Structure formats: C-alpha cells, structure tokens
file query_15.pdb (PDB, N, CA and C atoms, pLDDT in the B column)
ATOM      1  N   ILE K   1       4.295   0.863   0.241  1.00 93.00           N
ATOM      2  CA  ILE K   1       4.073   0.160  -1.010  1.00 93.00           C
ATOM      3  C   ILE K   1       5.419  -0.058  -1.709  1.00 93.00           C
ATOM      4  N   ASN K   2       6.243   0.978  -1.731  1.00 95.00           N
ATOM      5  CA  ASN K   2       7.564   0.872  -2.345  1.00 95.00           C
ATOM      6  C   ASN K   2       8.418  -0.194  -1.658  1.00 95.00           C
ATOM      7  N   LEU K   3       8.416  -0.200  -0.349  1.00 96.00           N
ATOM      8  CA  LEU K   3       9.254  -1.155   0.379  1.00 96.00           C
ATOM      9  C   LEU K   3       8.807  -2.599   0.153  1.00 96.00           C
ATOM     10  N   VAL K   4       7.513  -2.812  -0.039  1.00 95.00           N
ATOM     11  CA  VAL K   4       7.006  -4.163  -0.273  1.00 95.00           C
ATOM     12  C   VAL K   4       7.236  -4.599  -1.711  1.00 95.00           C
ATOM     13  N   TYR K   5       6.743  -3.807  -2.661  1.00 95.00           N
ATOM     14  CA  TYR K   5       6.700  -4.251  -4.050  1.00 95.00           C
ATOM     15  C   TYR K   5       7.944  -3.927  -4.858  1.00 95.00           C
ATOM     16  N   ILE K   6       8.686  -2.919  -4.479  1.00 96.00           N
ATOM     17  CA  ILE K   6       9.911  -2.574  -5.206  1.00 96.00           C
ATOM     18  C   ILE K   6      11.128  -3.173  -4.504  1.00 96.00           C
ATOM     19  N   LYS K   7      11.209  -2.948  -3.194  1.00 96.00           N
ATOM     20  CA  LYS K   7      12.362  -3.429  -2.425  1.00 96.00           C
ATOM     21  C   LYS K   7      12.218  -4.882  -1.977  1.00 96.00           C
ATOM     22  N   GLY K   8      10.994  -5.385  -1.913  1.00 97.00           N
ATOM     23  CA  GLY K   8      10.763  -6.776  -1.552  1.00 97.00           C
ATOM     24  C   GLY K   8      10.838  -7.070  -0.058  1.00 97.00           C
ATOM     25  N   PHE K   9      10.633  -6.058   0.778  1.00 97.00           N
ATOM     26  CA  PHE K   9      10.698  -6.250   2.225  1.00 97.00           C
ATOM     27  C   PHE K   9       9.406  -6.878   2.743  1.00 97.00           C
ATOM     28  N   SER K  10       9.528  -7.647   3.814  1.00 96.00           N
ATOM     29  CA  SER K  10       8.349  -8.185   4.490  1.00 96.00           C
ATOM     30  C   SER K  10       7.808  -7.138   5.458  1.00 96.00           C
ATOM     31  N   ASP K  11       6.592  -7.377   5.946  1.00 96.00           N
ATOM     32  CA  ASP K  11       6.015  -6.463   6.935  1.00 96.00           C
ATOM     33  C   ASP K  11       6.892  -6.397   8.181  1.00 96.00           C
ATOM     34  N   THR K  12       7.440  -7.521   8.576  1.00 96.00           N
ATOM     35  CA  THR K  12       8.314  -7.564   9.752  1.00 96.00           C
ATOM     36  C   THR K  12       9.565  -6.722   9.527  1.00 96.00           C
ATOM     37  N   GLU K  13      10.176  -6.853   8.360  1.00 97.00           N
ATOM     38  CA  GLU K  13      11.384  -6.074   8.050  1.00 97.00           C
ATOM     39  C   GLU K  13      11.071  -4.574   8.005  1.00 97.00           C
ATOM     40  N   ILE K  14       9.940  -4.218   7.425  1.00 97.00           N
ATOM     41  CA  ILE K  14       9.548  -2.811   7.361  1.00 97.00           C
ATOM     42  C   ILE K  14       9.305  -2.273   8.765  1.00 97.00           C
ATOM     43  N   GLY K  15       8.646  -3.051   9.588  1.00 97.00           N
ATOM     44  CA  GLY K  15       8.404  -2.655  10.968  1.00 97.00           C
ATOM     45  C   GLY K  15       9.697  -2.391  11.715  1.00 97.00           C
ATOM     46  N   GLN K  16      10.678  -3.257  11.538  1.00 97.00           N
ATOM     47  CA  GLN K  16      11.978  -3.071  12.186  1.00 97.00           C
ATOM     48  C   GLN K  16      12.662  -1.815  11.653  1.00 97.00           C
ATOM     49  N   LEU K  17      12.589  -1.610  10.363  1.00 96.00           N
ATOM     50  CA  LEU K  17      13.215  -0.442   9.737  1.00 96.00           C
ATOM     51  C   LEU K  17      12.596   0.867  10.234  1.00 96.00           C
ATOM     52  N   LEU K  18      11.271   0.875  10.382  1.00 96.00           N
ATOM     53  CA  LEU K  18      10.553   2.090  10.762  1.00 96.00           C
ATOM     54  C   LEU K  18      10.264   2.172  12.263  1.00 96.00           C
ATOM     55  N   ASN K  19      10.683   1.137  12.984  1.00 98.00           N
ATOM     56  CA  ASN K  19      10.472   1.073  14.431  1.00 98.00           C
ATOM     57  C   ASN K  19       8.985   1.122  14.798  1.00 98.00           C
ATOM     58  N   ILE K  20       8.188   0.327  14.049  1.00 97.00           N
ATOM     59  CA  ILE K  20       6.769   0.165  14.345  1.00 97.00           C
ATOM     60  C   ILE K  20       6.457  -1.327  14.295  1.00 97.00           C
ATOM     61  N   SER K  21       5.285  -1.712  14.791  1.00 97.00           N
ATOM     62  CA  SER K  21       4.941  -3.130  14.823  1.00 97.00           C
ATOM     63  C   SER K  21       4.605  -3.658  13.424  1.00 97.00           C
ATOM     64  N   GLN K  22       4.728  -4.964  13.295  1.00 97.00           N
ATOM     65  CA  GLN K  22       4.360  -5.624  12.044  1.00 97.00           C
ATOM     66  C   GLN K  22       2.874  -5.407  11.769  1.00 97.00           C
ATOM     67  N   GLN K  23       2.074  -5.405  12.824  1.00 97.00           N
ATOM     68  CA  GLN K  23       0.636  -5.190  12.673  1.00 97.00           C
ATOM     69  C   GLN K  23       0.340  -3.791  12.129  1.00 97.00           C
ATOM     70  N   ALA K  24       1.090  -2.797  12.588  1.00 97.00           N
ATOM     71  CA  ALA K  24       0.904  -1.429  12.086  1.00 97.00           C
ATOM     72  C   ALA K  24       1.272  -1.348  10.606  1.00 97.00           C
ATOM     73  N   VAL K  25       2.327  -2.047  10.220  1.00 97.00           N
ATOM     74  CA  VAL K  25       2.734  -2.085   8.808  1.00 97.00           C
ATOM     75  C   VAL K  25       1.640  -2.732   7.974  1.00 97.00           C
ATOM     76  N   SER K  26       1.140  -3.852   8.439  1.00 97.00           N
ATOM     77  CA  SER K  26       0.097  -4.570   7.715  1.00 97.00           C
ATOM     78  C   SER K  26      -1.157  -3.719   7.548  1.00 97.00           C
ATOM     79  N   LYS K  27      -1.559  -3.039   8.604  1.00 97.00           N
ATOM     80  CA  LYS K  27      -2.746  -2.173   8.552  1.00 97.00           C
ATOM     81  C   LYS K  27      -2.541  -1.029   7.561  1.00 97.00           C
ATOM     82  N   THR K  28      -1.357  -0.415   7.588  1.00 96.00           N
ATOM     83  CA  THR K  28      -1.053   0.691   6.677  1.00 96.00           C
ATOM     84  C   THR K  28      -1.023   0.201   5.231  1.00 96.00           C
ATOM     85  N   HIS K  29      -0.442  -0.966   5.005  1.00 96.00           N
ATOM     86  CA  HIS K  29      -0.362  -1.569   3.678  1.00 96.00           C
ATOM     87  C   HIS K  29      -1.768  -1.809   3.130  1.00 96.00           C
ATOM     88  N   LYS K  30      -2.620  -2.407   3.953  1.00 97.00           N
ATOM     89  CA  LYS K  30      -3.991  -2.686   3.529  1.00 97.00           C
ATOM     90  C   LYS K  30      -4.739  -1.393   3.202  1.00 97.00           C
ATOM     91  N   LYS K  31      -4.559  -0.371   4.027  1.00 97.00           N
ATOM     92  CA  LYS K  31      -5.221   0.924   3.793  1.00 97.00           C
ATOM     93  C   LYS K  31      -4.706   1.568   2.504  1.00 97.00           C
ATOM     94  N   ALA K  32      -3.409   1.479   2.257  1.00 96.00           N
ATOM     95  CA  ALA K  32      -2.833   2.056   1.039  1.00 96.00           C
ATOM     96  C   ALA K  32      -3.404   1.381  -0.205  1.00 96.00           C
ATOM     97  N   LEU K  33      -3.496   0.047  -0.172  1.00 96.00           N
ATOM     98  CA  LEU K  33      -4.066  -0.669  -1.317  1.00 96.00           C
ATOM     99  C   LEU K  33      -5.529  -0.298  -1.534  1.00 96.00           C
ATOM    100  N   LYS K  34      -6.275  -0.122  -0.437  1.00 97.00           N
ATOM    101  CA  LYS K  34      -7.674   0.294  -0.543  1.00 97.00           C
ATOM    102  C   LYS K  34      -7.767   1.671  -1.193  1.00 97.00           C
ATOM    103  N   ASN K  35      -6.904   2.597  -0.759  1.00 97.00           N
ATOM    104  CA  ASN K  35      -6.908   3.948  -1.330  1.00 97.00           C
ATOM    105  C   ASN K  35      -6.552   3.933  -2.811  1.00 97.00           C
ATOM    106  N   ILE K  36      -5.593   3.124  -3.194  1.00 95.00           N
ATOM    107  CA  ILE K  36      -5.205   3.007  -4.602  1.00 95.00           C
ATOM    108  C   ILE K  36      -6.366   2.446  -5.419  1.00 95.00           C
ATOM    109  N   ARG K  37      -7.005   1.398  -4.895  1.00 95.00           N
ATOM    110  CA  ARG K  37      -8.143   0.774  -5.574  1.00 95.00           C
ATOM    111  C   ARG K  37      -9.270   1.796  -5.768  1.00 95.00           C
ATOM    112  N   GLU K  38      -9.577   2.565  -4.717  1.00 95.00           N
ATOM    113  CA  GLU K  38     -10.629   3.579  -4.812  1.00 95.00           C
ATOM    114  C   GLU K  38     -10.265   4.673  -5.810  1.00 95.00           C
ATOM    115  N   TYR K  39      -9.009   5.080  -5.829  1.00 93.00           N
ATOM    116  CA  TYR K  39      -8.559   6.099  -6.776  1.00 93.00           C
ATOM    117  C   TYR K  39      -8.749   5.606  -8.209  1.00 93.00           C
ATOM    118  N   ILE K  40      -8.327   4.381  -8.455  1.00 92.00           N
ATOM    119  CA  ILE K  40      -8.458   3.814  -9.804  1.00 92.00           C
ATOM    120  C   ILE K  40      -9.927   3.738 -10.207  1.00 92.00           C
ATOM    121  N   GLU K  41     -10.767   3.270  -9.288  1.00 91.00           N
ATOM    122  CA  GLU K  41     -12.179   3.171  -9.596  1.00 91.00           C
ATOM    123  C   GLU K  41     -12.820   4.525  -9.898  1.00 91.00           C
ATOM    124  N   THR K  42     -12.431   5.556  -9.206  1.00 90.00           N
ATOM    125  CA  THR K  42     -13.047   6.876  -9.435  1.00 90.00           C
ATOM    126  C   THR K  42     -12.464   7.601 -10.616  1.00 90.00           C
ATOM    127  N   HIS K  43     -11.295   7.203 -11.088  1.00 87.00           N
ATOM    128  CA  HIS K  43     -10.636   7.914 -12.189  1.00 87.00           C
ATOM    129  C   HIS K  43     -10.564   7.117 -13.495  1.00 87.00           C
ATOM    130  N   LYS K  44     -10.997   5.881 -13.500  1.00 80.00           N
ATOM    131  CA  LYS K  44     -10.828   5.057 -14.705  1.00 80.00           C
ATOM    132  C   LYS K  44     -11.628   5.567 -15.902  1.00 80.00           C
ATOM    133  N   ASP K  45     -12.810   6.082 -15.688  1.00 72.00           N
ATOM    134  CA  ASP K  45     -13.621   6.584 -16.797  1.00 72.00           C
ATOM    135  C   ASP K  45     -13.095   7.888 -17.367  1.00 72.00           C
ATOM    136  N   LYS K  46     -12.427   8.685 -16.530  1.00 66.00           N
ATOM    137  CA  LYS K  46     -11.909   9.972 -16.962  1.00 66.00           C
ATOM    138  C   LYS K  46     -10.675   9.835 -17.849  1.00 66.00           C
ATOM    139  N   LYS K  47      -9.979   8.717 -17.746  1.00 58.00           N
ATOM    140  CA  LYS K  47      -8.742   8.499 -18.523  1.00 58.00           C
ATOM    141  C   LYS K  47      -8.956   7.518 -19.664  1.00 58.00           C
ATOM    142  N   GLY K  48     -10.184   7.184 -19.953  1.00 58.00           N
ATOM    143  CA  GLY K  48     -10.446   6.244 -21.026  1.00 58.00           C
ATOM    144  C   GLY K  48     -10.271   4.796 -20.607  1.00 58.00           C
ATOM    145  N   GLY K  49     -10.316   4.542 -19.312  1.00 55.00           N
ATOM    146  CA  GLY K  49     -10.171   3.185 -18.791  1.00 55.00           C
ATOM    147  C   GLY K  49      -8.754   2.876 -18.412  1.00 55.00           C
ATOM    148  N   ILE K  50      -8.625   2.043 -17.436  1.00 57.00           N
ATOM    149  CA  ILE K  50      -7.296   1.616 -16.980  1.00 57.00           C
ATOM    150  C   ILE K  50      -7.194   0.128 -17.163  1.00 57.00           C
TER     151      ILE K  50
END

call {"tool": "encode", "arguments": {"input": "query_15.pdb", "output": "structure tokens"}}
result
Amino acid sequence: INLVYIKGFSDTEIGQLLNISQQAVSKTHKKALKNIREYIETHKDKKGGI
C-alpha cells in the first residue's frame, strides 16, 4: 500500500523491486484493500464513525 499510494510505484515496479510477479503484487494489493475496507466497516461504529 505504501509503495503504491505514497511512493507512486506501479505493480510492475513493485514486482521488480520485490522480485515477484506483477500478478502477485496485484493480488496482494487487492487483498490489502479488502482487509482495510473490512476493518473500517467493523470499527466505524466504535469510533463514532469514520
């Protein structure tokens, strides 16, 4: 997430940096966003809304 949104790297660049495929980067990115979305949904009422 940091490499995409803070550093501005593409999936291809991240894959080269980490020595993994672009597809693996894309899958991990999608899973991370899903986890963040689920976390926000389960915690939004406890913090007074997000």

call {"tool": "atom_distance", "arguments": {"input": "query_15.pdb", "atom1": "CA of Arg37 (chain K)", "atom2": "atom N of Phe9 (chain K)"}}
result
21.0 Å

call {"tool": "select_by_dssp", "arguments": {"input": "query_15.pdb", "residues": "chain K", "states": "alpha helix (DSSP H)", "output": "number ranges by chain"}}
result
K: 11-18, 22-43

call {"tool": "atom_distance", "arguments": {"input": "query_15.pdb", "atom1": "atom N of Ile14 (chain K)", "atom2": "atom C of Lys27 (chain K)"}}
result
12.9 Å

call {"tool": "closest_residue", "arguments": {"input": "query_15.pdb", "among": "K:Ser10, K:Asn35, K:Asn2, K:Thr42", "to": "Gln23 (chain K)", "atoms": "only C-alpha atoms"}}
result
K:Ser10

call {"tool": "atom_distance", "arguments": {"input": "query_15.pdb", "atom1": "atom C of Leu18 (chain K)", "atom2": "CA of Ile36 (chain K)"}}
result
22.9 Å

call {"tool": "resolve_selection", "arguments": {"input": "query_15.pdb", "expression": "the PyMOL selection byres (((chain K and resi 3 and name CA) around 12) and name CA)", "output": "PyMOL selection string"}}
result
chain K and resi 1-2+4-15+17-18+25+29
